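Q: Hey, dropping protein.cif in here, mmCIF, C-alpha atoms:
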data_coords
loop_
_atom_site.group_PDB
_atom_site.id
_atom_site.type_symbol
_atom_site.label_atom_id
_atom_site.label_comp_id
_atom_site.auth_asym_id
_atom_site.auth_seq_id
_atom_site.Cartn_x
_atom_site.Cartn_y
_atom_site.Cartn_z
ATOM 1 C CA MET W 1 216.454 82.119 34.841
ATOM 2 C CA LYS W 2 216.602 85.796 35.472
ATOM 3 C CA ASP W 3 220.034 85.549 37.127
ATOM 4 C CA ASP W 4 221.586 84.305 33.880
ATOM 5 C CA TYR W 5 219.614 86.635 31.593
ATOM 6 C CA TYR W 6 217.394 83.743 30.429
ATOM 7 C CA ALA W 7 220.264 82.015 28.629
ATOM 8 C CA GLU W 8 219.590 79.106 26.302
ATOM 9 C CA TYR W 9 221.784 76.139 27.206
ATOM 10 C CA ARG W 10 223.383 73.363 25.186
ATOM 11 C CA ASP W 11 225.726 70.418 25.629
ATOM 12 C CA GLN W 12 227.089 69.717 29.140
ATOM 13 C CA ALA W 13 225.700 73.052 30.372
ATOM 14 C CA VAL W 14 222.190 71.520 30.051
ATOM 15 C CA ILE W 15 223.176 68.651 32.331
ATOM 16 C CA GLU W 16 224.832 70.977 34.827
ATOM 17 C CA ARG W 17 221.957 73.462 34.848
ATOM 18 C CA LEU W 18 219.443 70.651 35.439
ATOM 19 C CA GLY W 19 221.593 69.442 38.325
ATOM 20 C CA VAL W 20 221.741 65.808 37.292
ATOM 21 C CA ASN W 21 224.579 63.345 37.530
ATOM 22 C CA LEU W 22 225.659 62.301 34.055
ATOM 23 C CA PRO W 23 229.349 61.994 33.251
ATOM 24 C CA SER W 24 230.323 64.420 30.477
ATOM 25 C CA HIS W 25 232.061 61.693 28.458
ATOM 26 C CA LEU W 26 228.689 60.009 27.859
ATOM 27 C CA LEU W 27 227.250 63.129 26.240
ATOM 28 C CA ASP W 28 230.487 63.665 24.289
ATOM 29 C CA GLU W 29 230.255 60.117 22.918
ATOM 30 C CA PHE W 30 226.614 60.649 21.969
ATOM 31 C CA TRP W 31 226.738 64.088 20.294
ATOM 32 C CA PRO W 32 229.402 66.557 19.123
ATOM 33 C CA LYS W 33 229.868 69.967 20.714
ATOM 34 C CA GLY W 34 227.341 72.546 19.565
ATOM 35 C CA GLY W 35 224.301 70.344 20.116
ATOM 36 C CA PRO W 36 220.700 71.511 20.526
ATOM 37 C CA GLN W 37 220.196 74.834 22.214
ATOM 38 C CA TRP W 38 217.077 74.582 24.362
ATOM 39 C CA ASP W 39 214.709 77.537 24.764
ATOM 40 C CA ALA W 40 214.176 76.678 28.427
ATOM 41 C CA LEU W 41 215.008 74.036 31.019
ATOM 42 C CA GLY W 42 213.123 73.003 34.120
ATOM 43 C CA LYS W 43 213.230 70.532 36.973
ATOM 44 C CA SER W 44 210.258 69.630 39.137
ATOM 45 C CA THR W 45 210.375 69.056 42.874
ATOM 46 C CA LEU W 46 210.081 65.341 42.047
ATOM 47 C CA GLY W 47 213.197 65.538 39.847
ATOM 48 C CA LYS W 48 211.454 65.399 36.480
ATOM 49 C CA LEU W 49 213.468 67.181 33.788
ATOM 50 C CA PHE W 50 211.843 69.440 31.205
ATOM 51 C CA LEU W 51 213.671 70.395 28.023
ATOM 52 C CA VAL W 52 211.657 73.055 26.241
ATOM 53 C CA GLU W 53 211.469 74.167 22.612
ATOM 54 C CA ALA W 54 209.102 76.965 21.574
ATOM 55 C CA LYS W 55 207.748 77.854 18.137
ATOM 56 C CA SER W 56 205.774 80.846 16.856
ATOM 57 C CA HIS W 57 205.224 79.802 13.251
ATOM 58 C CA ILE W 58 205.142 76.564 11.280
ATOM 59 C CA SER W 59 208.175 77.285 9.108
ATOM 60 C CA GLU W 60 210.278 77.114 12.302
ATOM 61 C CA LEU W 61 209.755 73.352 12.193
ATOM 62 C CA ILE W 62 211.942 73.155 9.085
ATOM 63 C CA SER W 63 215.685 72.784 9.601
ATOM 64 C CA SER W 64 218.666 70.744 8.479
ATOM 65 C CA CYS W 65 221.861 69.684 10.208
ATOM 66 C CA GLY W 66 224.512 72.379 9.879
ATOM 67 C CA ALA W 67 227.515 70.309 10.974
ATOM 68 C CA LYS W 68 230.492 70.483 8.624
ATOM 69 C CA ASP W 69 233.063 68.239 10.299
ATOM 70 C CA PRO W 70 232.819 64.652 8.934
ATOM 71 C CA ASN W 71 233.346 63.166 12.421
ATOM 72 C CA SER W 72 230.568 65.315 13.855
ATOM 73 C CA ILE W 73 228.245 64.395 11.000
ATOM 74 C CA ALA W 74 228.967 60.691 11.520
ATOM 75 C CA LYS W 75 228.300 60.954 15.278
ATOM 76 C CA ILE W 76 225.023 62.804 14.683
ATOM 77 C CA GLN W 77 223.888 60.337 12.013
ATOM 78 C CA GLU W 78 224.647 57.394 14.299
ATOM 79 C CA SER W 79 222.772 58.926 17.247
ATOM 80 C CA LEU W 80 219.794 59.710 15.012
ATOM 81 C CA ARG W 81 219.886 56.135 13.624
ATOM 82 C CA VAL W 82 219.909 54.687 17.143
ATOM 83 C CA THR W 83 216.928 56.872 18.060
ATOM 84 C CA LYS W 84 215.024 55.918 14.899
ATOM 85 C CA ASP W 85 215.604 52.244 15.685
ATOM 86 C CA LYS W 86 214.621 52.643 19.344
ATOM 87 C CA LEU W 87 211.398 54.429 18.376
ATOM 88 C CA GLY W 88 210.596 51.974 15.590
ATOM 89 C CA ALA W 89 210.484 54.696 12.934
ATOM 90 C CA LYS W 90 209.159 53.219 9.704
ATOM 91 C CA THR W 91 210.966 55.319 7.146
ATOM 92 C CA ASP W 92 214.145 55.829 5.183
ATOM 93 C CA PHE W 93 213.646 59.567 5.680
ATOM 94 C CA ASP W 94 216.937 61.250 6.603
ATOM 95 C CA TRP W 95 216.432 62.704 10.086
ATOM 96 C CA SER W 96 219.276 65.173 9.518
ATOM 97 C CA LYS W 97 217.250 66.952 6.843
ATOM 98 C CA THR W 98 214.006 68.945 6.815
ATOM 99 C CA PHE W 99 212.882 68.288 10.409
ATOM 100 C CA TYR W 100 216.316 67.957 11.984
ATOM 101 C CA GLN W 101 215.671 70.145 15.022
ATOM 102 C CA TYR W 102 212.681 68.066 16.105
ATOM 103 C CA ALA W 103 214.620 64.847 15.440
ATOM 104 C CA ASN W 104 217.654 65.919 17.428
ATOM 105 C CA ARG W 105 215.414 66.904 20.345
ATOM 106 C CA LEU W 106 213.909 63.415 20.294
ATOM 107 C CA ALA W 107 217.404 61.932 20.166
ATOM 108 C CA HIS W 108 218.513 63.926 23.210
ATOM 109 C CA VAL W 109 215.477 63.031 25.291
ATOM 110 C CA ASN W 110 215.940 59.390 24.265
ATOM 111 C CA PHE W 111 219.600 59.602 25.327
ATOM 112 C CA LEU W 112 218.655 60.993 28.740
ATOM 113 C CA LYS W 113 215.957 58.316 29.170
ATOM 114 C CA GLN W 114 218.495 55.592 28.302
ATOM 115 C CA HIS W 115 220.629 56.860 31.178
ATOM 116 C CA GLY W 116 217.746 56.621 33.628
ATOM 117 C CA LEU W 117 216.847 60.303 33.713
ATOM 118 C CA PRO W 118 213.151 61.324 33.842
ATOM 119 C CA ALA W 119 213.348 63.706 30.872
ATOM 120 C CA TYR W 120 210.431 65.266 29.009
ATOM 121 C CA PHE W 121 210.486 67.074 25.659
ATOM 122 C CA VAL W 122 208.144 70.039 26.018
ATOM 123 C CA SER W 123 207.071 71.807 22.828
ATOM 124 C CA VAL W 124 205.415 75.160 23.286
ATOM 125 C CA TYR W 125 203.436 76.248 20.235
ATOM 126 C CA PHE W 126 202.276 79.855 20.237
ATOM 127 C CA LEU W 127 198.908 80.803 18.770
ATOM 128 C CA ASN W 128 197.981 84.206 17.358
ATOM 129 C CA ASP W 129 201.507 85.587 17.198
ATOM 130 C CA LEU W 130 200.632 88.376 14.772
ATOM 131 C CA GLU W 131 204.235 89.571 14.418
ATOM 132 C CA MET W 132 205.249 86.143 13.111
ATOM 133 C CA ASN W 133 202.010 85.474 11.225
ATOM 134 C CA GLY W 134 201.779 82.200 13.125
ATOM 135 C CA PRO W 135 198.940 79.714 13.437
ATOM 136 C CA LYS W 136 195.716 80.923 14.957
ATOM 137 C CA THR W 137 194.450 77.523 16.122
ATOM 138 C CA GLU W 138 195.736 74.375 17.798
ATOM 139 C CA ASP W 139 194.489 72.412 14.783
ATOM 140 C CA GLU W 140 196.926 74.242 12.505
ATOM 141 C CA TRP W 141 199.833 73.259 14.750
ATOM 142 C CA LYS W 142 198.536 69.717 15.192
ATOM 143 C CA GLY W 143 198.371 69.274 11.411
ATOM 144 C CA ALA W 144 201.972 70.441 11.052
ATOM 145 C CA ILE W 145 203.101 68.145 13.868
ATOM 146 C CA ARG W 146 201.325 65.191 12.227
ATOM 147 C CA LEU W 147 203.263 65.959 9.034
ATOM 148 C CA VAL W 148 206.565 66.018 10.951
ATOM 149 C CA HIS W 149 205.733 62.687 12.600
ATOM 150 C CA ARG W 150 204.655 61.146 9.304
ATOM 151 C CA CYS W 151 207.876 62.204 7.562
ATOM 152 C CA LEU W 152 209.982 60.926 10.472
ATOM 153 C CA GLY W 153 208.083 57.631 10.330
ATOM 154 C CA LEU W 154 206.696 58.018 13.837
ATOM 155 C CA ARG W 155 203.352 56.665 14.890
ATOM 156 C CA GLU W 156 203.058 55.017 18.284
ATOM 157 C CA HIS W 157 206.521 55.136 19.882
ATOM 158 C CA LEU W 158 208.286 54.767 23.218
ATOM 159 C CA LEU W 159 208.881 58.481 23.800
ATOM 160 C CA GLN W 160 205.273 59.488 23.186
ATOM 161 C CA LYS W 161 204.389 59.766 26.855
ATOM 162 C CA TRP W 162 207.519 61.875 27.420
ATOM 163 C CA ILE W 163 206.508 64.513 24.868
ATOM 164 C CA ILE W 164 204.296 67.351 26.023
ATOM 165 C CA ASN W 165 202.730 69.759 23.540
ATOM 166 C CA LEU W 166 201.485 73.048 24.952
ATOM 167 C CA TYR W 167 199.481 75.587 22.980
ATOM 168 C CA VAL W 168 199.680 79.133 24.280
ATOM 169 C CA ASP W 169 197.450 81.846 22.856
ATOM 170 C CA VAL W 170 199.597 84.986 23.031
ATOM 171 C CA SER W 171 196.579 87.202 22.376
ATOM 172 C CA LYS W 172 195.390 86.337 25.890
ATOM 173 C CA LEU W 173 198.624 87.300 27.609
#
Will you turn the file into structure tokens for me?

A:
Amino acid sequence: MKDDYYAEYRDQAVIERLGVNLPSHLLDEFWPKGGPQWDALGKSTLGKLFLVEAKSHISELISSCGAKDPNSIAKIQESLRVTKDKLGAKTDFDWSKTFYQYANRLAHVNFLKQHGLPAYFVSVYFLNDLEMNGPKTEDEWKGAIRLVHRCLGLREHLLQKWIINLYVDVSKL
């Protein structure tokens, strides 16, 4: 929002900014401090929650967990394992490596859903971002997303209808 200089929120600040009732101890038990920092947050008039991540180029999909504290690592690994199990991921692929950011976003939306919140994971993929030498077509992004899903062992899964992919051509803005 303009009044907060378009800040990117994380942890309990996400819950507070979305204006939902979720005791902070539940989030603390699920994930250590310094969790995902969302590019944008939104709430519809019907109360639907939108947690937004935006990407300009495919290499932004690649990330690994940066936690150093053993307790934090254990908490993250357990939350990712629970999410993998819930989604029926068919892989031994370590979700804390390579595509960690995408995996932790899935884990957070899954967590919110488990607590009865109508949360959506919105991925905004920019096309024709010449400064970043990003993809020019939706098909380029879709191929990269298929690779991420394949590596994470995701095919049909429970969160599928809660994930929204938007493709925005910046050359038309």

Q: From the set W:Phe111, W:Phe93, W:Lys136, W:Lys68, which residue has the shortest atom-to-atom contact distance to Leu26 (chain W), counting all atoms listed in the file?

A: W:Phe111

Q: Under the PyMOL selection byres ((chain W and resi 124) around 12), which residues of this model are included? Write them out as a ChimeraX atom specification.

A: /W:38-40,50-57,121-123,125-127,138,141-142,145,163-170

Q: Using Å and a single decimal, report how far CA of Ile62 (chain W) sits from CA of His149 (chain W).

A: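 Atom-to-atom, CA of His149 (chain W) to CA of Ile62 (chain W), that is 12.7 Å.
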
Q: List the spatial neighbours of Gln101 (chain W) as a list in words - criterion: any atom at most 12 Å away, all atoms listed in the file, same-chain residues fewer than 4 positions off excluded.

A: Gly35, Pro36, Gln37, Trp38, Glu53, Ala54, Lys55, Ser59, Glu60, Leu61, Ile62, Ser63, Ser64, Cys65, Gly66, Ile76, Leu80, Trp95, Ser96, Lys97, Arg105, Leu106, Ala107, His108, Ser123, Val148 and Leu152 of chain W

Q: Would you please work out which residue, of W:Arg17, W:Lys48, W:Arg150, W:Lys172, is nearest to Lys90 (chain W) when using only C-alpha atoms?

A: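 Closest to Lys90 (chain W) of all the choices is W:Arg150.
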
Q: When you draw a straight line from CA of Asp28 (chain W) to CA of Lys75 (chain W), how long is it in Å?

A: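 Spanning CA of Asp28 (chain W) to CA of Lys75 (chain W) is a straight-line distance of 9.7 Å.
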
Q: Would you compute the distance between CA of Gly42 (chain W) and CA of Asn21 (chain W)? Give it in Å to one decimal.

A: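 Straight-line distance from CA of Gly42 (chain W) to CA of Asn21 (chain W) works out to 15.4 Å.
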
Q: For each of W:Ala74, W:Val20, W:Ala7, W:Ile58, take the minimum atom-to-atom distance to Met132 (chain W), counting all atoms listed in the file, then give the residue where this is smallest.

A: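 Of the candidates, the smallest distance to Met132 (chain W) is held by W:Ile58.
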
Q: For Pro32 (chain W), which residue out of W:Thr91, W:Thr45, W:Thr98, W:Asn104 is the nearest one, using all atoms listed in the file?

A: W:Asn104

Q: Please write the residues picked by the PyMOL selection byres ((chain W and resi 118) around 9) on this file as a PDB file with C-alpha atoms, in the coordinates of the input.

A:
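Everything below was put into expr.pdb:
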ATOM      1  CA  GLY W  47     213.197  65.538  39.847  1.00  0.00           C
ATOM      2  CA  LYS W  48     211.454  65.399  36.480  1.00  0.00           C
ATOM      3  CA  LEU W  49     213.468  67.181  33.788  1.00  0.00           C
ATOM      4  CA  PHE W  50     211.843  69.440  31.205  1.00  0.00           C
ATOM      5  CA  LEU W 112     218.655  60.993  28.740  1.00  0.00           C
ATOM      6  CA  LYS W 113     215.957  58.316  29.170  1.00  0.00           C
ATOM      7  CA  GLY W 116     217.746  56.621  33.628  1.00  0.00           C
ATOM      8  CA  LEU W 117     216.847  60.303  33.713  1.00  0.00           C
ATOM      9  CA  ALA W 119     213.348  63.706  30.872  1.00  0.00           C
ATOM     10  CA  TYR W 120     210.431  65.266  29.009  1.00  0.00           C
ATOM     11  CA  TRP W 162     207.519  61.875  27.420  1.00  0.00           C
TER      12      TRP W 162
END

Q: I need the output of the PyMOL selection byres ((chain W and resi 87) around 8) for this file as a list in words; which residues are they?

A: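 Taken over the shown coordinates, the PyMOL selection byres ((chain W and resi 87) around 8) returns Thr83, Lys84, Asp85, Lys86, Gly88, Ala89, Leu154, His157, Leu158 and Leu159 of chain W.
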
Q: Please, what is the axis-aligned box for every listed atom of region 67-76 of chain W with 6 Å on each side, as centre and edge lengths in Å to one decimal, as JSON?

A:
{"center_x": 229.2, "center_y": 65.6, "center_z": 12.0, "size_x": 20.3, "size_y": 21.8, "size_z": 18.7}

Q: Here is a test: counting only C-alpha atoms, which residue of W:Ile73, W:Val109, W:Leu22, W:Ala103 is nearest to Gly34 (chain W)?

A: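 Looking only at the distances to Gly34 (chain W), the closest residue turns out to be W:Ile73.
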
Q: Nearest to Ala144 (chain W): which of W:Phe99, W:Asp11, W:Gly19, W:Asp69 is it, counting all atoms listed in the file?

A: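 Smallest distance to Ala144 (chain W) is found for W:Phe99.
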